[in-house]
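Trainee: Here's a structure for you.
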Amino acid sequence: MKERQLLKIIKQLKLKYFGHVVRHNNLEKLCLEGAVEGRRGRGRPRRRWTQDVADWLGFSVRKASILAQDRDGFRSAVWEATSYKDPP
C-alpha cells in the first residue's frame, strides 16, 4: 500500500471518528472537549488530536463540531479534506 493511500485512510478514519464522537453525549466527547486542571509541563506543547482535525478540515474544531451534526455535510467535508489531486 502506498504511503499516500495509507495517510488518506488514517485521515478519513480519524475525521469520521471525530464526527461520531461529537454527535453523541458520552465519555469520549467529555474527554475530547474537557480541560485538565493544573499546570502544563515544561517544553513545547504536544500536538493535540483536535488540532489535526482543524488543520485537515480547514476550520475550527467548534465549527467542525457543528458541521458534524449534519452527517451528509460532514461526510462531504471529510471527502474534500482527504481527496488528493495528483500533480500533472
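Residue numbering restarts at 1 in every chain; chains get A, B, ... in the order shown in the C-alpha cells, and ligands count up from 1 in that same order.
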I'd like the neighbourhood of region 70-76 of chain A as a PyMOL selection string, where a residue qualifies if any of its atoms comes within 12 Å (using only C-alpha atoms), though same-chain residues fewer than 2 positions away should be ignored.

Mentor: chain A and resi 12-13+15-20+22-23+57+63-68+78-83

Trainee: Mind writing the picked residues with N, CA and C atoms as a JSON list (two decimals), in the first residue's frame?

Mentor:
[["chain", "number", "residue", "atom", "x", "y", "z"],
["A", 12, "GLN", "N", -9.16, 9.81, 7.02],
["A", 12, "GLN", "CA", -10.59, 9.53, 6.92],
["A", 12, "GLN", "C", -11.11, 8.91, 8.21],
["A", 13, "LEU", "N", -10.41, 7.92, 8.72],
["A", 13, "LEU", "CA", -10.86, 7.26, 9.94],
["A", 13, "LEU", "C", -10.85, 8.20, 11.14],
["A", 15, "LEU", "N", -11.14, 11.52, 11.08],
["A", 15, "LEU", "CA", -12.20, 12.51, 10.92],
["A", 15, "LEU", "C", -13.58, 11.89, 11.12],
["A", 16, "LYS", "N", -13.78, 10.69, 10.63],
["A", 16, "LYS", "CA", -15.07, 10.02, 10.83],
["A", 16, "LYS", "C", -15.32, 9.75, 12.32],
["A", 17, "TYR", "N", -14.27, 9.34, 13.03],
["A", 17, "TYR", "CA", -14.43, 9.09, 14.46],
["A", 17, "TYR", "C", -14.72, 10.39, 15.20],
["A", 18, "PHE", "N", -14.08, 11.48, 14.79],
["A", 18, "PHE", "CA", -14.37, 12.78, 15.39],
["A", 18, "PHE", "C", -15.85, 13.12, 15.22],
["A", 19, "GLY", "N", -16.38, 12.94, 14.00],
["A", 19, "GLY", "CA", -17.80, 13.22, 13.75],
["A", 19, "GLY", "C", -18.70, 12.35, 14.61],
["A", 20, "HIS", "N", -18.34, 11.08, 14.76],
["A", 20, "HIS", "CA", -19.13, 10.16, 15.57],
["A", 20, "HIS", "C", -19.14, 10.60, 17.04],
["A", 22, "VAL", "N", -18.55, 13.64, 18.42],
["A", 22, "VAL", "CA", -19.20, 14.90, 18.74],
["A", 22, "VAL", "C", -20.72, 14.84, 18.54],
["A", 23, "ARG", "N", -21.22, 13.84, 17.84],
["A", 23, "ARG", "CA", -22.68, 13.71, 17.69],
["A", 23, "ARG", "C", -23.34, 13.07, 18.90],
["A", 57, "LEU", "N", -9.55, 19.89, 8.07],
["A", 57, "LEU", "CA", -10.84, 20.38, 7.57],
["A", 57, "LEU", "C", -10.76, 21.84, 7.12],
["A", 63, "LYS", "N", -16.54, 24.80, 14.79],
["A", 63, "LYS", "CA", -17.32, 24.78, 13.54],
["A", 63, "LYS", "C", -17.44, 23.34, 13.02],
["A", 64, "ALA", "N", -16.37, 22.56, 13.17],
["A", 64, "ALA", "CA", -16.41, 21.16, 12.75],
["A", 64, "ALA", "C", -17.41, 20.37, 13.59],
["A", 65, "SER", "N", -17.51, 20.70, 14.88],
["A", 65, "SER", "CA", -18.48, 20.03, 15.75],
["A", 65, "SER", "C", -19.90, 20.35, 15.32],
["A", 66, "ILE", "N", -20.14, 21.59, 14.96],
["A", 66, "ILE", "CA", -21.48, 21.98, 14.49],
["A", 66, "ILE", "C", -21.79, 21.30, 13.17],
["A", 67, "LEU", "N", -20.80, 21.26, 12.27],
["A", 67, "LEU", "CA", -21.00, 20.62, 10.97],
["A", 67, "LEU", "C", -21.23, 19.12, 11.12],
["A", 68, "ALA", "N", -20.62, 18.50, 12.13],
["A", 68, "ALA", "CA", -20.76, 17.05, 12.33],
["A", 68, "ALA", "C", -22.19, 16.66, 12.68],
["A", 78, "VAL", "N", -15.30, 15.78, 4.89],
["A", 78, "VAL", "CA", -14.24, 14.78, 5.09],
["A", 78, "VAL", "C", -13.72, 14.33, 3.73],
["A", 79, "TRP", "N", -14.61, 14.11, 2.79],
["A", 79, "TRP", "CA", -14.20, 13.68, 1.46],
["A", 79, "TRP", "C", -13.31, 14.74, 0.80],
["A", 80, "GLU", "N", -13.70, 16.00, 0.92],
["A", 80, "GLU", "CA", -12.90, 17.08, 0.34],
["A", 80, "GLU", "C", -11.54, 17.19, 1.02],
["A", 81, "ALA", "N", -11.51, 16.98, 2.33],
["A", 81, "ALA", "CA", -10.26, 17.11, 3.07],
["A", 81, "ALA", "C", -9.30, 15.96, 2.77],
["A", 82, "THR", "N", -9.82, 14.81, 2.39],
["A", 82, "THR", "CA", -8.97, 13.64, 2.16],
["A", 82, "THR", "C", -8.74, 13.31, 0.70],
["A", 83, "SER", "N", -9.35, 14.03, -0.19],
["A", 83, "SER", "CA", -9.15, 13.74, -1.61],
["A", 83, "SER", "C", -7.90, 14.48, -2.09]]

Trainee: Where in chain A does DSSP assign alpha helix (DSSP H), given as a PyMOL selection string?

Mentor: chain A and resi 3-23+27-33+49-57+61-68+71-82

Trainee: Which one of A:Gly34, A:Lys29, A:Gln5, A:Ala77 sits closest to Trp56 (chain A) if you count only C-alpha atoms?

Mentor: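 The closest residue to Trp56 (chain A) is A:Ala77.
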
Trainee: Could you state the separation of CA of His24 (chain A) and CA of Leu6 (chain A) in Å, given to one decimal place?

Mentor: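 Answer for the CA of His24 (chain A) to CA of Leu6 (chain A) separation: 27.7 Å.
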